[in-house]
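Structure file work_14.pdb with PDB, C-alpha atoms, pLDDT in the B column:
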```
ATOM      1  CA  MET A   1      -5.307  -5.102 -38.284  1.00 38.00           C
ATOM      2  CA  THR A   2      -7.419  -3.054 -35.867  1.00 39.00           C
ATOM      3  CA  LEU A   3      -5.463  -2.956 -32.621  1.00 42.00           C
ATOM      4  CA  PHE A   4      -8.132  -2.136 -30.088  1.00 42.00           C
ATOM      5  CA  ASN A   5     -11.644  -2.878 -28.935  1.00 41.00           C
ATOM      6  CA  ARG A   6     -11.985  -6.368 -30.418  1.00 42.00           C
ATOM      7  CA  LYS A   7     -10.411  -9.812 -30.355  1.00 42.00           C
ATOM      8  CA  CYS A   8      -7.876 -10.739 -32.993  1.00 45.00           C
ATOM      9  CA  THR A   9      -8.449 -13.932 -34.976  1.00 46.00           C
ATOM     10  CA  VAL A  10      -5.866 -16.735 -34.952  1.00 43.00           C
ATOM     11  CA  ASP A  11      -5.231 -16.210 -38.699  1.00 47.00           C
ATOM     12  CA  GLU A  12      -4.522 -12.496 -38.179  1.00 48.00           C
ATOM     13  CA  ILE A  13      -2.091 -13.282 -35.374  1.00 43.00           C
ATOM     14  CA  GLU A  14      -0.205 -15.823 -37.465  1.00 45.00           C
ATOM     15  CA  ASN A  15      -0.148 -13.609 -40.559  1.00 45.00           C
ATOM     16  CA  ASP A  16       1.198 -10.593 -38.678  1.00 48.00           C
ATOM     17  CA  GLY A  17       3.809 -12.640 -36.861  1.00 49.00           C
ATOM     18  CA  ASP A  18       3.098 -10.738 -33.627  1.00 72.00           C
ATOM     19  CA  SER A  19       0.429 -11.433 -31.058  1.00 90.00           C
ATOM     20  CA  PHE A  20      -2.366  -8.965 -30.413  1.00 94.00           C
ATOM     21  CA  TYR A  21      -1.041  -8.824 -26.841  1.00 95.00           C
ATOM     22  CA  GLY A  22       2.466  -7.798 -27.916  1.00 94.00           C
ATOM     23  CA  THR A  23       1.356  -5.354 -30.599  1.00 94.00           C
ATOM     24  CA  THR A  24      -1.090  -3.477 -28.394  1.00 95.00           C
ATOM     25  CA  LEU A  25       1.363  -3.464 -25.483  1.00 95.00           C
ATOM     26  CA  ASP A  26       3.940  -1.820 -27.771  1.00 95.00           C
ATOM     27  CA  THR A  27       1.367   0.805 -28.715  1.00 94.00           C
ATOM     28  CA  LEU A  28       0.533   1.347 -25.053  1.00 94.00           C
ATOM     29  CA  SER A  29       4.201   1.836 -24.139  1.00 94.00           C
ATOM     30  CA  GLU A  30       4.555   4.473 -26.871  1.00 93.00           C
ATOM     31  CA  MET A  31       2.001   6.600 -25.004  1.00 92.00           C
ATOM     32  CA  ALA A  32       4.417   7.128 -22.092  1.00 92.00           C
ATOM     33  CA  ASP A  33       4.777  10.863 -22.816  1.00 91.00           C
ATOM     34  CA  LEU A  34       1.051  11.289 -22.142  1.00 90.00           C
ATOM     35  CA  VAL A  35       1.364   9.910 -18.613  1.00 92.00           C
ATOM     36  CA  PRO A  36       1.415  12.567 -15.840  1.00 90.00           C
ATOM     37  CA  TYR A  37       5.026  13.185 -14.806  1.00 91.00           C
ATOM     38  CA  GLY A  38       4.689  11.736 -11.317  1.00 92.00           C
ATOM     39  CA  TRP A  39       3.323   8.437 -12.600  1.00 94.00           C
ATOM     40  CA  ARG A  40       5.805   7.767 -15.405  1.00 94.00           C
ATOM     41  CA  GLU A  41       8.114   5.567 -13.337  1.00 95.00           C
ATOM     42  CA  LEU A  42       5.145   3.459 -12.220  1.00 96.00           C
ATOM     43  CA  PHE A  43       3.935   3.237 -15.817  1.00 96.00           C
ATOM     44  CA  ALA A  44       7.361   2.048 -17.007  1.00 96.00           C
ATOM     45  CA  ASP A  45       7.290  -0.608 -14.267  1.00 96.00           C
ATOM     46  CA  LEU A  46       3.791  -1.640 -15.374  1.00 96.00           C
ATOM     47  CA  ILE A  47       4.945  -2.138 -18.971  1.00 96.00           C
ATOM     48  CA  LYS A  48       7.855  -4.318 -17.742  1.00 96.00           C
ATOM     49  CA  GLN A  49       5.491  -6.446 -15.649  1.00 95.00           C
ATOM     50  CA  LEU A  50       3.082  -6.910 -18.540  1.00 95.00           C
ATOM     51  CA  ARG A  51       5.893  -7.918 -20.894  1.00 95.00           C
ATOM     52  CA  ALA A  52       7.209 -10.411 -18.336  1.00 94.00           C
ATOM     53  CA  SER A  53       3.717 -11.848 -17.894  1.00 93.00           C
ATOM     54  CA  ASP A  54       3.144 -12.552 -21.607  1.00 93.00           C
ATOM     55  CA  GLN A  55       1.950 -16.112 -22.228  1.00 91.00           C
ATOM     56  CA  PRO A  56       0.974 -17.924 -25.462  1.00 91.00           C
ATOM     57  CA  HIS A  57      -2.633 -18.157 -24.306  1.00 91.00           C
ATOM     58  CA  PHE A  58      -2.701 -14.349 -23.840  1.00 93.00           C
ATOM     59  CA  ALA A  59      -2.051 -13.806 -27.573  1.00 92.00           C
ATOM     60  CA  HIS A  60      -5.628 -12.795 -28.398  1.00 93.00           C
ATOM     61  CA  ILE A  61      -5.885 -10.300 -25.506  1.00 94.00           C
ATOM     62  CA  GLY A  62      -5.146  -6.652 -26.254  1.00 95.00           C
ATOM     63  CA  PHE A  63      -4.609  -3.448 -24.284  1.00 95.00           C
ATOM     64  CA  ILE A  64      -6.862  -0.427 -24.726  1.00 92.00           C
ATOM     65  CA  PRO A  65      -5.275   3.083 -24.717  1.00 88.00           C
ATOM     66  CA  PHE A  66      -5.391   4.460 -21.194  1.00 89.00           C
ATOM     67  CA  THR A  67      -7.411   7.412 -19.983  1.00 84.00           C
ATOM     68  CA  VAL A  68      -6.596   9.893 -17.229  1.00 82.00           C
ATOM     69  CA  LYS A  69      -9.744  11.213 -15.598  1.00 76.00           C
ATOM     70  CA  GLU A  70     -10.417  12.920 -12.270  1.00 65.00           C
ATOM     71  CA  GLY A  71      -7.029  12.007 -10.854  1.00 74.00           C
ATOM     72  CA  TYR A  72      -7.030   8.370 -11.921  1.00 81.00           C
ATOM     73  CA  MET A  73      -5.310   6.585 -14.765  1.00 88.00           C
ATOM     74  CA  VAL A  74      -7.134   3.559 -16.141  1.00 88.00           C
ATOM     75  CA  VAL A  75      -5.523   0.842 -18.285  1.00 92.00           C
ATOM     76  CA  LYS A  76      -7.847  -1.881 -19.555  1.00 93.00           C
ATOM     77  CA  THR A  77      -7.638  -5.089 -21.549  1.00 95.00           C
ATOM     78  CA  THR A  78     -10.035  -6.226 -24.262  1.00 94.00           C
ATOM     79  CA  GLU A  79     -11.184  -9.075 -22.019  1.00 94.00           C
ATOM     80  CA  TYR A  80     -10.860 -10.176 -18.418  1.00 94.00           C
ATOM     81  CA  GLN A  81      -7.818 -12.253 -17.476  1.00 94.00           C
ATOM     82  CA  PRO A  82      -7.096 -12.809 -13.737  1.00 95.00           C
ATOM     83  CA  VAL A  83      -3.298 -12.347 -13.878  1.00 95.00           C
ATOM     84  CA  LEU A  84      -3.477  -9.196 -15.963  1.00 95.00           C
ATOM     85  CA  PHE A  85      -6.378  -7.852 -13.936  1.00 95.00           C
ATOM     86  CA  GLY A  86      -4.304  -8.272 -10.759  1.00 96.00           C
ATOM     87  CA  ILE A  87      -1.337  -6.386 -12.264  1.00 96.00           C
ATOM     88  CA  LEU A  88      -3.534  -3.510 -13.445  1.00 95.00           C
ATOM     89  CA  ARG A  89      -5.386  -3.346 -10.122  1.00 94.00           C
ATOM     90  CA  LYS A  90      -2.091  -3.001  -8.218  1.00 95.00           C
ATOM     91  CA  PHE A  91      -1.010  -0.279 -10.650  1.00 95.00           C
ATOM     92  CA  ARG A  92      -4.207   1.705 -10.007  1.00 92.00           C
ATOM     93  CA  LYS A  93      -3.696   1.317  -6.263  1.00 92.00           C
ATOM     94  CA  ARG A  94      -0.087   2.524  -6.461  1.00 94.00           C
ATOM     95  CA  ILE A  95      -0.858   5.653  -8.473  1.00 93.00           C
ATOM     96  CA  GLY A  96      -3.694   6.416  -6.063  1.00 92.00           C
ATOM     97  CA  HIS A  97      -1.024   7.044  -3.411  1.00 93.00           C
ATOM     98  CA  THR A  98       1.557   8.732  -5.660  1.00 95.00           C
ATOM     99  CA  CYS A  99       1.668  12.451  -6.411  1.00 94.00           C
ATOM    100  CA  ARG A 100       0.811  12.907 -10.088  1.00 90.00           C
ATOM    101  CA  GLU A 101       3.034  15.992 -10.286  1.00 89.00           C
ATOM    102  CA  CYS A 102       6.358  14.788  -8.832  1.00 91.00           C
ATOM    103  CA  GLY A 103       6.099  11.082  -7.914  1.00 93.00           C
ATOM    104  CA  LEU A 104       6.441  11.487  -4.142  1.00 95.00           C
ATOM    105  CA  PRO A 105       3.924   9.784  -1.814  1.00 96.00           C
ATOM    106  CA  GLY A 106       0.603  11.597  -2.043  1.00 94.00           C
ATOM    107  CA  THR A 107      -2.950  11.535  -0.777  1.00 93.00           C
ATOM    108  CA  GLN A 108      -6.233  12.236  -2.542  1.00 92.00           C
ATOM    109  CA  ARG A 109      -6.958  15.960  -2.509  1.00 91.00           C
ATOM    110  CA  VAL A 110      -9.707  18.034  -4.078  1.00 87.00           C
ATOM    111  CA  VAL A 111      -8.436  20.342  -6.824  1.00 78.00           C
ATOM    112  CA  GLY A 112     -11.184  22.405  -8.422  1.00 72.00           C
ATOM    113  CA  LEU A 113     -13.928  19.924  -9.308  1.00 76.00           C
ATOM    114  CA  ASN A 114     -11.558  16.954  -9.421  1.00 79.00           C
ATOM    115  CA  GLU A 115      -9.779  14.763  -6.893  1.00 87.00           C
ATOM    116  CA  MET A 116      -6.200  13.626  -7.427  1.00 89.00           C
ATOM    117  CA  PRO A 117      -3.261  12.305  -5.394  1.00 93.00           C
ATOM    118  CA  LEU A 118      -0.800  15.084  -4.531  1.00 93.00           C
ATOM    119  CA  CYS A 119       2.034  15.453  -2.048  1.00 94.00           C
ATOM    120  CA  PRO A 120       1.896  18.390   0.433  1.00 94.00           C
ATOM    121  CA  GLY A 121       4.346  20.425  -1.661  1.00 91.00           C
ATOM    122  CA  CYS A 122       2.524  20.149  -4.990  1.00 91.00           C
ATOM    123  CA  TYR A 123      -0.844  20.621  -3.316  1.00 92.00           C
ATOM    124  CA  GLY A 124       0.516  23.731  -1.615  1.00 91.00           C
ATOM    125  CA  LYS A 125       1.607  25.151  -4.968  1.00 90.00           C
ATOM    126  CA  ARG A 126      -1.850  24.633  -6.432  1.00 89.00           C
ATOM    127  CA  ARG A 127      -3.520  26.220  -3.413  1.00 90.00           C
ATOM    128  CA  LEU A 128      -1.100  29.140  -3.501  1.00 92.00           C
ATOM    129  CA  ARG A 129      -1.773  29.702  -7.196  1.00 91.00           C
ATOM    130  CA  THR A 130      -5.525  29.752  -6.526  1.00 89.00           C
ATOM    131  CA  ASP A 131      -5.136  32.257  -3.670  1.00 92.00           C
ATOM    132  CA  LEU A 132      -2.819  34.496  -5.704  1.00 93.00           C
ATOM    133  CA  LYS A 133      -5.246  34.496  -8.615  1.00 92.00           C
ATOM    134  CA  LYS A 134      -8.067  35.587  -6.304  1.00 90.00           C
ATOM    135  CA  LEU A 135      -5.969  38.317  -4.688  1.00 91.00           C
ATOM    136  CA  LEU A 136      -4.783  39.693  -8.039  1.00 92.00           C
ATOM    137  CA  LEU A 137      -8.340  39.829  -9.335  1.00 90.00           C
ATOM    138  CA  ASP A 138      -9.496  41.559  -6.152  1.00 87.00           C
ATOM    139  CA  ILE A 139      -6.754  44.189  -6.377  1.00 87.00           C
ATOM    140  CA  GLU A 140      -7.735  44.961  -9.970  1.00 85.00           C
ATOM    141  CA  SER A 141     -11.469  45.003  -9.236  1.00 83.00           C
ATOM    142  CA  ALA A 142     -13.771  47.373  -7.385  1.00 63.00           C
ATOM    143  CA  VAL A 143     -13.894  44.957  -4.444  1.00 65.00           C
ATOM    144  CA  PHE A 144     -10.690  46.330  -2.935  1.00 65.00           C
ATOM    145  CA  LYS A 145     -11.236  49.905  -4.084  1.00 70.00           C
ATOM    146  CA  LYS A 146     -14.121  50.493  -1.688  1.00 73.00           C
ATOM    147  CA  LYS A 147     -11.756  51.014   1.230  1.00 74.00           C
ATOM    148  CA  GLY A 148      -8.116  51.915   1.642  1.00 81.00           C
ATOM    149  CA  VAL A 149      -7.020  49.563   4.428  1.00 84.00           C
ATOM    150  CA  TYR A 150      -7.381  45.786   4.672  1.00 87.00           C
ATOM    151  CA  VAL A 151      -6.844  43.390   7.570  1.00 88.00           C
ATOM    152  CA  GLU A 152      -5.258  39.953   7.350  1.00 88.00           C
ATOM    153  CA  THR A 153      -8.627  38.194   7.069  1.00 87.00           C
ATOM    154  CA  ASP A 154      -9.340  40.149   3.855  1.00 88.00           C
ATOM    155  CA  ILE A 155      -6.383  38.460   2.132  1.00 90.00           C
ATOM    156  CA  PRO A 156      -6.435  34.771   1.038  1.00 89.00           C
ATOM    157  CA  ALA A 157      -4.354  32.818   3.589  1.00 88.00           C
ATOM    158  CA  ARG A 158      -1.565  31.508   1.360  1.00 90.00           C
ATOM    159  CA  ALA A 159      -1.293  34.694  -0.667  1.00 92.00           C
ATOM    160  CA  MET A 160      -0.885  36.602   2.607  1.00 92.00           C
ATOM    161  CA  LEU A 161       2.303  34.606   3.329  1.00 90.00           C
ATOM    162  CA  THR A 162       3.921  35.967   0.146  1.00 93.00           C
ATOM    163  CA  ILE A 163       3.552  39.606   1.220  1.00 93.00           C
ATOM    164  CA  PRO A 164       6.651  40.810   3.126  1.00 93.00           C
ATOM    165  CA  ASP A 165       6.299  41.957   6.747  1.00 91.00           C
ATOM    166  CA  ILE A 166       7.495  45.452   5.853  1.00 92.00           C
ATOM    167  CA  ALA A 167       4.311  45.998   3.812  1.00 92.00           C
ATOM    168  CA  TRP A 168       2.088  45.466   6.869  1.00 93.00           C
ATOM    169  CA  THR A 169       1.173  47.847   9.682  1.00 91.00           C
ATOM    170  CA  THR A 170       0.384  46.457  13.121  1.00 89.00           C
ATOM    171  CA  LEU A 171      -2.427  48.149  15.045  1.00 84.00           C
ATOM    172  CA  ILE A 172      -2.771  47.604  18.823  1.00 83.00           C
ATOM    173  CA  ASP A 173      -6.022  48.015  20.732  1.00 74.00           C
ATOM    174  CA  PRO A 174      -5.108  49.940  23.953  1.00 76.00           C
ATOM    175  CA  GLY A 175      -7.978  48.378  25.859  1.00 74.00           C
ATOM    176  CA  SER A 176      -7.540  44.677  25.057  1.00 72.00           C
ATOM    177  CA  LYS A 177      -3.859  44.934  24.096  1.00 75.00           C
ATOM    178  CA  SER A 178      -4.705  42.751  21.074  1.00 82.00           C
ATOM    179  CA  SER A 179      -2.974  43.445  17.775  1.00 84.00           C
ATOM    180  CA  LEU A 180      -4.111  43.307  14.166  1.00 86.00           C
ATOM    181  CA  ARG A 181      -2.044  43.548  11.013  1.00 90.00           C
ATOM    182  CA  CYS A 182      -3.306  45.781   8.209  1.00 91.00           C
ATOM    183  CA  ILE A 183      -2.174  46.678   4.710  1.00 91.00           C
ATOM    184  CA  THR A 184      -3.120  49.603   2.496  1.00 90.00           C
ATOM    185  CA  LEU A 185      -4.392  49.403  -1.048  1.00 88.00           C
ATOM    186  CA  GLU A 186      -1.346  51.429  -2.086  1.00 88.00           C
ATOM    187  CA  SER A 187       0.955  48.754  -0.630  1.00 91.00           C
ATOM    188  CA  LEU A 188      -0.999  46.019  -2.402  1.00 91.00           C
ATOM    189  CA  HIS A 189      -0.617  47.853  -5.707  1.00 90.00           C
ATOM    190  CA  HIS A 190       3.111  48.100  -5.007  1.00 92.00           C
ATOM    191  CA  GLU A 191       3.272  44.311  -4.482  1.00 93.00           C
ATOM    192  CA  PHE A 192       1.085  43.569  -7.528  1.00 93.00           C
ATOM    193  CA  PRO A 193       3.904  43.052 -10.142  1.00 94.00           C
ATOM    194  CA  ARG A 194       5.785  40.647  -7.863  1.00 94.00           C
ATOM    195  CA  LEU A 195       2.644  38.696  -6.948  1.00 94.00           C
ATOM    196  CA  LYS A 196       1.682  38.466 -10.615  1.00 94.00           C
ATOM    197  CA  SER A 197       5.164  37.212 -11.522  1.00 93.00           C
ATOM    198  CA  LEU A 198       4.965  34.550  -8.795  1.00 93.00           C
ATOM    199  CA  LYS A 199       1.560  33.433 -10.041  1.00 92.00           C
ATOM    200  CA  GLU A 200       2.916  33.158 -13.613  1.00 92.00           C
ATOM    201  CA  MET A 201       5.816  31.037 -12.332  1.00 91.00           C
ATOM    202  CA  LEU A 202       3.313  28.700 -10.701  1.00 89.00           C
ATOM    203  CA  ASP A 203       1.226  28.564 -13.892  1.00 87.00           C
ATOM    204  CA  LYS A 204       4.299  27.476 -15.841  1.00 83.00           C
ATOM    205  CA  ASP A 205       5.478  25.064 -13.179  1.00 79.00           C
ATOM    206  CA  LEU A 206       2.141  23.309 -12.777  1.00 74.00           C
ATOM    207  CA  CYS A 207       1.806  22.726 -16.522  1.00 63.00           C
ATOM    208  CA  GLY A 208       4.504  20.116 -16.004  1.00 51.00           C
ATOM    209  CA  TYR A 209       6.578  19.338 -12.950  1.00 45.00           C
ATOM    210  CA  SER A 210       9.827  21.251 -12.395  1.00 38.00           C
ATOM    211  CA  SER A 211      11.996  21.943  -9.373  1.00 35.00           C
ATOM    212  CA  LEU A 212      10.307  25.170  -8.263  1.00 35.00           C
ATOM    213  CA  ASP A 213      10.403  25.123  -4.483  1.00 36.00           C
ATOM    214  CA  PHE A 214       8.929  27.033  -1.574  1.00 35.00           C
ATOM    215  CA  SER A 215       9.725  27.109   2.113  1.00 32.00           C
ATOM    216  CA  SER A 216       8.092  24.483   4.322  1.00 31.00           C
ATOM    217  CA  SER A 217       6.124  27.185   6.133  1.00 32.00           C
ATOM    218  CA  LEU A 218       4.548  28.311   2.858  1.00 35.00           C
ATOM    219  CA  VAL A 219       3.645  24.794   1.791  1.00 36.00           C
ATOM    220  CA  GLU A 220       2.779  23.010   5.010  1.00 36.00           C
ATOM    221  CA  GLU A 221       1.923  25.516   7.742  1.00 36.00           C
ATOM    222  CA  HIS A 222      -1.622  26.155   6.522  1.00 36.00           C
ATOM    223  CA  GLU A 223      -2.602  22.633   5.383  1.00 38.00           C
TER
END
```
structure tokens encoding of this file:
Amino acid sequence: MTLFNRKCTVDEIENDGDSFYGTTLDTLSEMADLVPYGWRELFADLIKQLRASDQPHFAHIGFIPFTVKEGYMVVKTTEYQPVLFGILRKFRKRIGHTCRECGLPGTQRVVGLNEMPLCPGCYGKRRLRTDLKKLLLDIESAVFKKKGVYVETDIPARAMLTIPDIAWTTLIDPGSKSSLRCITLESLHHEFPRLKSLKEMLDKDLCGYSSLDFSSSLVEEHE
């Protein structure tokens, strides 16, 4: 029997012994490993609700394999049914406010060309990874080789926070008494292996959620 994208006939249901609803719901539940980590608990709850809502007159209705696109996860049925539609609508609303990386409360944030719900911590990791990637490329390229000293505004904001204070030199303008922190290309080259290692840790961590943590100042100060 074809499980998706069409109604099941009464004869097929009786011959198989299982309803189209139950069979396709089982198939849907087996896709749990494909659900983003932060949404897996909500997905498990969805499956429980759908099983509890099974009715004899739902037997011909099936579930279509979900898709995850642009920060949203969409589960559909083969035809409209008010009760099921309400359950799936609430599920979409819940994941829209849940970080897809860790499961904490999240808000919609732009990541690359997509928008997805992320908590401040996971969003901070993604932003930090982006800034580190840019800084590493700049250090290796001719962009930073044109001069030997760089001010704070030359360094991506979050990447700047990962460079220790000892690597910076503070210059003071005698007239205005204002100060400006600078760093040499030599110091940046010295920091390069550590920055690259940190970026690789973030690459690995963001492939799937783990417990990698950063201080609140690194994650939240520059939101």
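Counting all atoms listed in the file and comparing A:Lys69, A:Arg181, A:Lys76, A:Lys134, the residue that lies closest to Glu115 of chain A is A:Lys69.
Here atom CA of Ala59 of chain A and atom CA of Ser19 of chain A stand 4.9 Å from one another.
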Kindly resolve the PyMOL selection byres ((chain A and resi 123) around 12) on the present coordinates and return the residues as an MDAnalysis selection string.
-> chainID A and resid 99:102 104:112 115:122 124:130 158 202 206 214 218:220 222:223
The PyMOL selection byres ((chain A and resi 182) around 9) resolved against shown file, as a ChimeraX atom specification | /A:149-152,167-171,180-181,183-184
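Going from atom CA of Ser178 of chain A over to atom CA of Asp165 of chain A, you cover 18.1 Å.
Atom pair atom CA of Ser176 of chain A / atom CA of Pro164 of chain A has a distance of 26.4 Å (rounded to one decimal).
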Which residues come within 10 Å of Arg94 of chain A, counting only C-alpha atoms, excluding same-chain residues fewer than 6 positions away, as number ranges by chain?
-> A: 39, 42, 88, 105
Target residues per the PyMOL selection byres ((chain A and resi 191-197) around 12), formatted as a VMD selection string = chain A and resid 128 to 129 131 to 140 158 to 168 183 to 190 198 to 204
I'd like the box whose edges run along x, y and z of the file and which contains every listed atom of segment 41-50 of chain A, padded by 4 Å per side; could you state its centre and edge lengths in Å, one decimal, as lines of an AutoDock Vina configuration file?
```
center_x = 5.6
center_y = -0.7
center_z = -15.6
size_x = 13.0
size_y = 20.5
size_z = 14.8
```
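Comparing A:Leu84, A:Leu28, A:Leu34, A:Glu41 by their smallest distance to Gln55 of chain A, the closest is A:Leu84 (using all atoms listed in the file).
Counting only C-alpha atoms, the residue from A:Phe58, A:Tyr80, A:Tyr37, A:Phe43 that sits nearest to Asp18 of chain A is A:Phe58.
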